[in-house]
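The structure appears right after this line, and notes come after that.
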Amino acid sequence: MTALLNNEIAYEVIRSQRATADIVIERDGSVVVRAPEWADDDQVARIVRSKEYWIYKTLAEWRDLNAAAVLREYKNGAAFLYLGRAYRLSLVDGQDAPLQLKNGRFLLRRELVAAGDARLAKLAFQDFFRAKGRLRLGDRVRYYAPKVGVEPLGVEVKELGHRWASCSPGGKLHFHWKCMMAPQTVIDYIVVHELCHLHHRDHGDAFWNEVDKVLPDFRERKEWLRRQGAALEV
């Protein structure tokens, strides 16, 4: 269901088996309300109106942060992030792999951009981050799962649109390939965040208490993601 706040801000309502309502501004600037199944439209609208100031404030911050988003160019010397560090790009000939990270540089096959179409170059970066993510994110999930006290059913790295990660009802964790552009400390926050959702599906106090037990400095890591996330593009 989609509704409007003050006839100008659209928000999507997703109902599920949960105890409390939760309002989030997604990475694409959309407003999503996750509400209990028992909450009718009027109750949800009252919840949204009670958070009106926060919604307007957060959307304004989102617009400011996204104004600084970088439009990537696939040319020699362009910088691309991996694990929070910027690496320069070199276009090369005669390379078997579409993209490699070698000797402190990203090496991209020249023919992928020779026609002026960035689509193949972007796919090369996505495939690189997916492959690296399956290994690293899998390792971090195995490291943190016992600390959180859960046993996830699997890890998948893929395109998730405006979400950094998600947790399926069956216990499988899904991570956006762009997570691999963030520093390791932020990746660990995303991992712990999703693992804690295996205890609590919402973002209530009990959920954040679980996160705090494992990562007492999670607020700093979360803030980095909020401020820098818009720039994580390839």
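All residue names refer to the structure tokens as shown: chains lettered A, B, ... in order, residues numbered from 1 in each chain, ligands numbered from 1 in order.
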Identify, on the basis of only C-alpha atoms, every residue whose closest approach to A:Leu83 does not exceed 6 Å; exclude the query and any residue fewer than 4 positions from it along the same chain; express the result as a PDB file with N, CA and C atoms, in the first residue's frame.
ATOM      1  N   MET A 180      31.096  -4.013  -0.510  1.00  0.00           N
ATOM      2  CA  MET A 180      32.533  -4.229  -0.603  1.00  0.00           C
ATOM      3  C   MET A 180      33.309  -2.952  -0.885  1.00  0.00           C
ATOM      4  N   MET A 181      32.625  -1.867  -1.118  1.00  0.00           N
ATOM      5  CA  MET A 181      33.294  -0.584  -1.303  1.00  0.00           C
ATOM      6  C   MET A 181      33.522   0.132   0.032  1.00  0.00           C
ATOM      7  N   ALA A 182      32.834  -0.291   1.064  1.00  0.00           N
ATOM      8  CA  ALA A 182      32.921   0.342   2.381  1.00  0.00           C
ATOM      9  C   ALA A 182      34.110  -0.197   3.169  1.00  0.00           C
ATOM     10  N   PRO A 183      34.565   0.529   4.197  1.00  0.00           N
ATOM     11  CA  PRO A 183      35.639   0.017   5.059  1.00  0.00           C
ATOM     12  C   PRO A 183      35.199  -1.244   5.790  1.00  0.00           C
ATOM     13  N   GLN A 184      36.179  -2.024   6.235  1.00  0.00           N
ATOM     14  CA  GLN A 184      35.868  -3.273   6.912  1.00  0.00           C
ATOM     15  C   GLN A 184      35.002  -3.049   8.149  1.00  0.00           C
TER      16      GLN A 184
END
Spatial neighbours of A:Gly29, max dist 8 Å, only C-alpha atoms, sep filter under 3 positions, as a VMD selection string: chain A and resid 25 to 26 59 62 to 63
For A:Gly154, the nearest of the candidates A:Leu195, A:Ala121, A:Ala114, A:Ala206, counting only C-alpha atoms: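 Once distances to A:Gly154 are computed over only C-alpha atoms, the minimum belongs to A:Leu195.
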Near stretch 92-107 of chain A, counting only C-alpha atoms, which residues have an atom at most 9 Å away, once you skip same-chain residues fewer than 5 positions from it, shown as a list in words?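 Residues meeting the cut-off are Ala79, Phe80, Tyr87, Leu112, Ala121, Ala124, Phe125, Asp127 and Phe128 of chain A.
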May I ask which of the residues A:Lys172, A:Lys178, A:Arg163, A:His203 is the closest one to A:Asp28, counting only C-alpha atoms?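 So, comparing all the options, the nearest one is A:Arg163.
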Among the residues A:Ala60, A:Leu123, A:Val191, A:Val13, the one that comes closest to A:Glu156 [using only C-alpha atoms]: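 Under the stated criterion, the closest residue is A:Val191.
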If you run DSSP on the backbone here, which positions in stretch 17-206 of chain A get alpha helix (DSSP H)? Please write them as number ranges by chain. A: 41-50, 52-66, 119-148, 184-196, 205-206
Skip A:Thr58 itself and residues of its chain fewer than 6 positions away, then list as number ranges by chain all residues within 12 Å of it, counting only C-alpha atoms. A: 23-27, 29-31, 51-52, 64-65, 226-227
Nearest candidate to A:Lys147 (options A:Glu210, A:Arg109, A:His200, A:Cys167; using only C-alpha atoms): A:Glu210
By how many Å are atom CA of A:Ile14 and atom CA of A:Glu37 apart? 8.7 Å
Within 8 Å of A:His176, counting only C-alpha atoms, which residues show up once you throw out same-chain ones fewer than 5 positions away? Write them as a list in words, please. Val157, Lys158, Glu159, Leu160, Gly161, Arg163, Trp164 and Ala165 of chain A
In Å, with one decimal, what is the gap from atom CA of A:Val150 to atom CA of A:Arg34?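 We find that atom CA of A:Val150 and atom CA of A:Arg34 lie 23.3 Å from each other.
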Apply DSSP to the structure's backbone, then extract all residues of stretch 21-173 of chain A labelled strand (DSSP E or B) and return them as a short mmCIF file (atom, residue, chain, number, x, y, z; two decimals) with all heavy atoms, in the first residue's frame.
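Okay, this is what ended up in states_18.cif:
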data_model
loop_
_atom_site.label_atom_id
_atom_site.label_comp_id
_atom_site.auth_asym_id
_atom_site.auth_seq_id
_atom_site.Cartn_x
_atom_site.Cartn_y
_atom_site.Cartn_z
N ASP A 22 8.06 0.72 12.19
CA ASP A 22 9.40 1.23 11.95
C ASP A 22 9.38 2.03 10.66
O ASP A 22 8.86 1.55 9.64
CB ASP A 22 10.38 0.05 11.85
CG ASP A 22 11.82 0.49 11.80
OD1 ASP A 22 12.12 1.56 12.34
OD2 ASP A 22 12.64 -0.25 11.21
N ILE A 23 9.93 3.24 10.66
CA ILE A 23 9.97 4.09 9.48
C ILE A 23 11.43 4.26 9.06
O ILE A 23 12.27 4.62 9.88
CB ILE A 23 9.34 5.47 9.74
CG1 ILE A 23 7.90 5.31 10.22
CG2 ILE A 23 9.38 6.33 8.47
CD1 ILE A 23 7.24 6.63 10.61
N VAL A 24 11.71 4.01 7.79
CA VAL A 24 13.08 4.15 7.29
C VAL A 24 13.08 4.95 5.99
O VAL A 24 12.12 4.89 5.21
CB VAL A 24 13.75 2.78 7.06
CG1 VAL A 24 13.92 2.03 8.37
CG2 VAL A 24 12.97 1.94 6.07
N ILE A 25 14.17 5.69 5.78
CA ILE A 25 14.42 6.35 4.50
C ILE A 25 15.44 5.48 3.78
O ILE A 25 16.58 5.35 4.21
CB ILE A 25 14.98 7.78 4.68
CG1 ILE A 25 14.10 8.58 5.65
CG2 ILE A 25 15.10 8.47 3.33
CD1 ILE A 25 12.68 8.78 5.19
N VAL A 31 10.42 6.46 1.28
CA VAL A 31 10.01 6.32 2.67
C VAL A 31 9.22 5.02 2.81
O VAL A 31 8.22 4.81 2.11
CB VAL A 31 9.15 7.52 3.13
CG1 VAL A 31 8.76 7.38 4.60
CG2 VAL A 31 9.89 8.83 2.88
N VAL A 32 9.67 4.17 3.70
CA VAL A 32 9.02 2.86 3.90
C VAL A 32 8.61 2.73 5.36
O VAL A 32 9.40 2.99 6.27
CB VAL A 32 9.96 1.70 3.52
CG1 VAL A 32 9.30 0.36 3.81
CG2 VAL A 32 10.35 1.79 2.05
N VAL A 33 7.35 2.34 5.56
CA VAL A 33 6.82 2.10 6.90
C VAL A 33 6.58 0.60 7.04
O VAL A 33 5.77 0.03 6.31
CB VAL A 33 5.51 2.87 7.14
CG1 VAL A 33 5.03 2.64 8.58
CG2 VAL A 33 5.70 4.35 6.87
N ARG A 34 7.30 -0.03 7.94
CA ARG A 34 7.07 -1.45 8.23
C ARG A 34 6.20 -1.52 9.47
O ARG A 34 6.61 -1.11 10.55
CB ARG A 34 8.40 -2.17 8.41
CG ARG A 34 9.25 -2.17 7.14
CD ARG A 34 10.50 -3.00 7.28
NE ARG A 34 11.22 -3.05 6.00
CZ ARG A 34 12.14 -2.19 5.62
NH1 ARG A 34 12.50 -1.22 6.44
NH2 ARG A 34 12.73 -2.29 4.45
N ALA A 35 5.00 -2.00 9.29
CA ALA A 35 3.99 -1.95 10.34
C ALA A 35 3.50 -3.34 10.73
O ALA A 35 3.58 -4.28 9.93
CB ALA A 35 2.80 -1.10 9.87
N PRO A 36 2.97 -3.49 11.95
CA PRO A 36 2.37 -4.77 12.34
C PRO A 36 1.13 -5.06 11.49
O PRO A 36 0.48 -4.15 10.98
CB PRO A 36 1.99 -4.54 13.81
CG PRO A 36 2.77 -3.35 14.25
CD PRO A 36 2.95 -2.50 13.04
N ALA A 79 39.32 7.10 -9.81
CA ALA A 79 39.42 6.41 -8.53
C ALA A 79 38.16 5.60 -8.24
O ALA A 79 37.04 6.09 -8.44
CB ALA A 79 39.66 7.43 -7.41
N PHE A 80 38.36 4.38 -7.76
CA PHE A 80 37.26 3.49 -7.39
C PHE A 80 37.54 2.90 -6.01
O PHE A 80 38.68 2.52 -5.71
CB PHE A 80 37.09 2.37 -8.42
CG PHE A 80 36.60 2.85 -9.75
CD1 PHE A 80 37.49 3.37 -10.68
CD2 PHE A 80 35.26 2.79 -10.07
CE1 PHE A 80 37.04 3.83 -11.91
CE2 PHE A 80 34.80 3.25 -11.30
CZ PHE A 80 35.69 3.77 -12.22
N LEU A 81 36.51 2.81 -5.20
CA LEU A 81 36.67 2.34 -3.83
C LEU A 81 36.60 0.82 -3.72
O LEU A 81 35.79 0.18 -4.39
CB LEU A 81 35.58 2.94 -2.93
CG LEU A 81 35.70 4.42 -2.58
CD1 LEU A 81 34.46 4.88 -1.83
CD2 LEU A 81 36.94 4.70 -1.74
N TYR A 82 37.44 0.29 -2.83
CA TYR A 82 37.37 -1.12 -2.45
C TYR A 82 37.82 -1.21 -0.99
O TYR A 82 38.92 -0.76 -0.65
CB TYR A 82 38.26 -1.97 -3.35
CG TYR A 82 38.32 -3.42 -2.94
CD1 TYR A 82 37.17 -4.20 -2.85
CD2 TYR A 82 39.54 -4.03 -2.64
CE1 TYR A 82 37.23 -5.54 -2.47
CE2 TYR A 82 39.60 -5.36 -2.27
CZ TYR A 82 38.45 -6.11 -2.18
OH TYR A 82 38.51 -7.43 -1.80
N ARG A 85 39.14 2.06 0.58
CA ARG A 85 40.33 2.70 0.03
C ARG A 85 40.14 2.97 -1.45
O ARG A 85 39.56 2.14 -2.17
CB ARG A 85 41.56 1.82 0.25
CG ARG A 85 42.84 2.38 -0.36
CD ARG A 85 44.00 1.42 -0.18
NE ARG A 85 45.16 1.84 -0.97
CZ ARG A 85 46.27 1.13 -1.10
NH1 ARG A 85 46.38 -0.05 -0.49
NH2 ARG A 85 47.27 1.57 -1.85
N ALA A 86 40.63 4.12 -1.93
CA ALA A 86 40.51 4.48 -3.33
C ALA A 86 41.69 3.92 -4.13
O ALA A 86 42.85 4.10 -3.74
CB ALA A 86 40.45 6.00 -3.49
N TYR A 87 41.38 3.25 -5.23
CA TYR A 87 42.40 2.71 -6.12
C TYR A 87 42.23 3.34 -7.50
O TYR A 87 41.10 3.46 -8.00
CB TYR A 87 42.27 1.19 -6.24
CG TYR A 87 42.59 0.43 -4.97
CD1 TYR A 87 41.60 0.17 -4.04
CD2 TYR A 87 43.88 -0.01 -4.72
CE1 TYR A 87 41.88 -0.52 -2.87
CE2 TYR A 87 44.18 -0.71 -3.55
CZ TYR A 87 43.18 -0.95 -2.63
OH TYR A 87 43.46 -1.64 -1.47
N ARG A 88 43.33 3.72 -8.11
CA ARG A 88 43.29 4.31 -9.44
C ARG A 88 43.07 3.23 -10.50
O ARG A 88 43.45 2.08 -10.33
CB ARG A 88 44.60 5.06 -9.74
CG ARG A 88 44.85 6.26 -8.82
CD ARG A 88 43.81 7.33 -9.03
NE ARG A 88 44.00 8.46 -8.11
CZ ARG A 88 43.22 9.52 -8.06
NH1 ARG A 88 42.17 9.60 -8.88
NH2 ARG A 88 43.43 10.49 -7.20
N LEU A 89 42.45 3.65 -11.60
CA LEU A 89 42.13 2.74 -12.70
C LEU A 89 43.15 2.87 -13.82
O LEU A 89 43.57 3.98 -14.18
CB LEU A 89 40.74 3.05 -13.23
CG LEU A 89 40.24 2.18 -14.39
CD1 LEU A 89 39.98 0.76 -13.91
CD2 LEU A 89 38.97 2.77 -15.00
N SER A 90 43.55 1.73 -14.38
CA SER A 90 44.37 1.69 -15.58
C SER A 90 43.68 0.82 -16.62
O SER A 90 43.23 -0.29 -16.31
CB SER A 90 45.76 1.12 -15.28
OG SER A 90 46.53 1.99 -14.49
N LEU A 91 43.57 1.32 -17.83
CA LEU A 91 43.04 0.54 -18.94
C LEU A 91 44.18 -0.22 -19.59
O LEU A 91 45.22 0.36 -19.92
CB LEU A 91 42.36 1.47 -19.96
CG LEU A 91 41.24 2.36 -19.42
CD1 LEU A 91 40.66 3.22 -20.54
CD2 LEU A 91 40.14 1.52 -18.77
N VAL A 92 44.01 -1.56 -19.73
CA VAL A 92 45.11 -2.40 -20.20
C VAL A 92 44.65 -3.28 -21.36
O VAL A 92 43.47 -3.52 -21.56
CB VAL A 92 45.64 -3.29 -19.05
CG1 VAL A 92 46.22 -2.43 -17.93
CG2 VAL A 92 44.54 -4.21 -18.51
N LEU A 99 38.55 -7.55 -15.09
CA LEU A 99 39.01 -6.57 -14.10
C LEU A 99 39.86 -7.29 -13.07
O LEU A 99 39.52 -8.37 -12.59
CB LEU A 99 37.82 -5.90 -13.41
CG LEU A 99 38.13 -4.87 -12.32
CD1 LEU A 99 38.73 -3.61 -12.93
CD2 LEU A 99 36.88 -4.53 -11.52
N GLN A 100 40.99 -6.67 -12.70
CA GLN A 100 41.84 -7.18 -11.64
C GLN A 100 42.26 -6.03 -10.72
O GLN A 100 42.31 -4.87 -11.15
CB GLN A 100 43.12 -7.81 -12.20
CG GLN A 100 42.94 -9.06 -13.01
CD GLN A 100 44.27 -9.66 -13.39
OE1 GLN A 100 44.96 -10.26 -12.57
NE2 GLN A 100 44.65 -9.49 -14.65
N LEU A 101 42.57 -6.36 -9.49
CA LEU A 101 43.20 -5.42 -8.57
C LEU A 101 44.61 -5.94 -8.36
O LEU A 101 44.82 -6.98 -7.74
CB LEU A 101 42.44 -5.35 -7.25
CG LEU A 101 42.99 -4.38 -6.20
CD1 LEU A 101 43.07 -2.96 -6.74
CD2 LEU A 101 42.16 -4.41 -4.93
N LYS A 102 45.58 -5.21 -8.89
CA LYS A 102 46.96 -5.70 -8.90
C LYS A 102 47.93 -4.53 -8.71
O LYS A 102 47.77 -3.48 -9.35
CB LYS A 102 47.24 -6.42 -10.22
CG LYS A 102 48.56 -7.15 -10.29
CD LYS A 102 48.66 -7.91 -11.61
CE LYS A 102 49.96 -8.67 -11.73
NZ LYS A 102 50.06 -9.40 -13.03
N ARG A 105 46.40 -1.06 -8.11
CA ARG A 105 45.58 -0.43 -9.15
C ARG A 105 44.51 -1.40 -9.64
O ARG A 105 44.71 -2.61 -9.66
CB ARG A 105 46.44 0.00 -10.36
CG ARG A 105 47.08 1.37 -10.19
CD ARG A 105 47.73 1.85 -11.46
NE ARG A 105 48.19 3.22 -11.32
CZ ARG A 105 47.52 4.29 -11.72
NH1 ARG A 105 46.36 4.13 -12.33
NH2 ARG A 105 48.01 5.51 -11.55
N PHE A 106 43.38 -0.82 -10.05
CA PHE A 106 42.38 -1.60 -10.78
C PHE A 106 42.82 -1.64 -12.25
O PHE A 106 43.07 -0.59 -12.85
CB PHE A 106 41.00 -0.96 -10.67
CG PHE A 106 40.22 -1.37 -9.46
CD1 PHE A 106 39.82 -0.43 -8.53
CD2 PHE A 106 39.89 -2.70 -9.26
CE1 PHE A 106 39.10 -0.81 -7.41
CE2 PHE A 106 39.16 -3.09 -8.14
CZ PHE A 106 38.77 -2.15 -7.21
N LEU A 107 42.89 -2.84 -12.80
CA LEU A 107 43.26 -3.01 -14.21
C LEU A 107 42.03 -3.49 -14.97
O LEU A 107 41.52 -4.58 -14.73
CB LEU A 107 44.40 -4.03 -14.33
CG LEU A 107 45.65 -3.75 -13.49
CD1 LEU A 107 46.69 -4.85 -13.71
CD2 LEU A 107 46.24 -2.39 -13.82
N LEU A 108 41.56 -2.67 -15.90
CA LEU A 108 40.33 -2.95 -16.65
C LEU A 108 40.68 -3.15 -18.11
O LEU A 108 41.44 -2.35 -18.69
CB LEU A 108 39.35 -1.78 -16.50
CG LEU A 108 38.02 -1.89 -17.24
CD1 LEU A 108 37.14 -2.97 -16.62
CD2 LEU A 108 37.29 -0.54 -17.22
N ARG A 109 40.13 -4.20 -18.70
CA ARG A 109 40.38 -4.44 -20.13
C ARG A 109 39.88 -3.27 -20.97
O ARG A 109 38.71 -2.87 -20.87
CB ARG A 109 39.69 -5.74 -20.58
CG ARG A 109 40.44 -6.98 -20.21
CD ARG A 109 40.25 -8.12 -21.21
NE ARG A 109 38.89 -8.30 -21.64
CZ ARG A 109 38.16 -9.40 -21.38
NH1 ARG A 109 38.67 -10.39 -20.68
NH2 ARG A 109 36.94 -9.49 -21.84
N GLY A 154 22.62 -19.16 5.11
CA GLY A 154 23.44 -18.95 3.93
C GLY A 154 23.69 -17.47 3.69
O GLY A 154 23.08 -16.60 4.33
N VAL A 155 24.59 -17.19 2.77
CA VAL A 155 24.97 -15.82 2.43
C VAL A 155 24.95 -15.67 0.92
O VAL A 155 25.48 -16.53 0.19
CB VAL A 155 26.38 -15.47 2.96
CG1 VAL A 155 26.82 -14.10 2.47
CG2 VAL A 155 26.40 -15.52 4.49
N GLU A 156 24.35 -14.60 0.44
CA GLU A 156 24.31 -14.32 -1.00
C GLU A 156 24.67 -12.86 -1.22
O GLU A 156 24.25 -11.98 -0.46
CB GLU A 156 22.93 -14.63 -1.56
CG GLU A 156 22.85 -14.53 -3.07
CD GLU A 156 21.51 -14.98 -3.62
OE1 GLU A 156 20.68 -15.50 -2.83
OE2 GLU A 156 21.28 -14.82 -4.83
N VAL A 157 25.44 -12.59 -2.25
CA VAL A 157 25.83 -11.22 -2.62
C VAL A 157 25.23 -10.92 -3.99
O VAL A 157 25.48 -11.65 -4.95
CB VAL A 157 27.36 -11.06 -2.66
CG1 VAL A 157 27.74 -9.62 -3.00
CG2 VAL A 157 27.99 -11.47 -1.33
N LYS A 158 24.45 -9.86 -4.07
CA LYS A 158 23.75 -9.58 -5.32
C LYS A 158 23.33 -8.12 -5.38
O LYS A 158 23.65 -7.33 -4.49
CB LYS A 158 22.53 -10.48 -5.45
CG LYS A 158 21.50 -10.32 -4.34
CD LYS A 158 20.34 -11.30 -4.52
CE LYS A 158 19.26 -11.10 -3.49
NZ LYS A 158 18.12 -12.02 -3.71
N ALA A 165 21.41 -4.58 2.71
CA ALA A 165 21.34 -6.00 3.02
C ALA A 165 19.91 -6.33 3.42
O ALA A 165 19.10 -5.44 3.67
CB ALA A 165 22.30 -6.35 4.16
N SER A 166 19.62 -7.63 3.46
CA SER A 166 18.31 -8.07 3.91
C SER A 166 18.44 -9.46 4.51
O SER A 166 19.41 -10.17 4.27
CB SER A 166 17.30 -8.08 2.75
OG SER A 166 17.67 -9.05 1.79
N CYS A 167 17.44 -9.82 5.28
CA CYS A 167 17.41 -11.11 5.95
C CYS A 167 16.08 -11.78 5.62
O CYS A 167 15.02 -11.22 5.91
CB CYS A 167 17.57 -10.91 7.45
SG CYS A 167 17.37 -12.40 8.44
N LYS A 172 18.26 -16.67 5.59
CA LYS A 172 19.35 -16.45 4.64
C LYS A 172 19.65 -14.96 4.56
O LYS A 172 18.74 -14.13 4.53
CB LYS A 172 18.98 -16.98 3.26
CG LYS A 172 20.16 -17.01 2.29
CD LYS A 172 19.83 -17.77 1.02
CE LYS A 172 21.05 -17.89 0.12
NZ LYS A 172 20.75 -18.67 -1.11
N LEU A 173 20.95 -14.62 4.54
CA LEU A 173 21.37 -13.22 4.51
C LEU A 173 21.75 -12.83 3.08
O LEU A 173 22.46 -13.56 2.40
CB LEU A 173 22.56 -13.00 5.44
CG LEU A 173 22.39 -13.43 6.90
CD1 LEU A 173 23.62 -13.07 7.70
CD2 LEU A 173 21.14 -12.80 7.51
#
One decimal place gives the atom CA of A:Ala39-atom CA of A:Gln17 separation as 10.7 Å
One residue among A:Glu73, A:Glu233, A:Asp188, A:Glu61 is nearest to A:Arg136 when using only C-alpha atoms, and that residue is A:Asp188
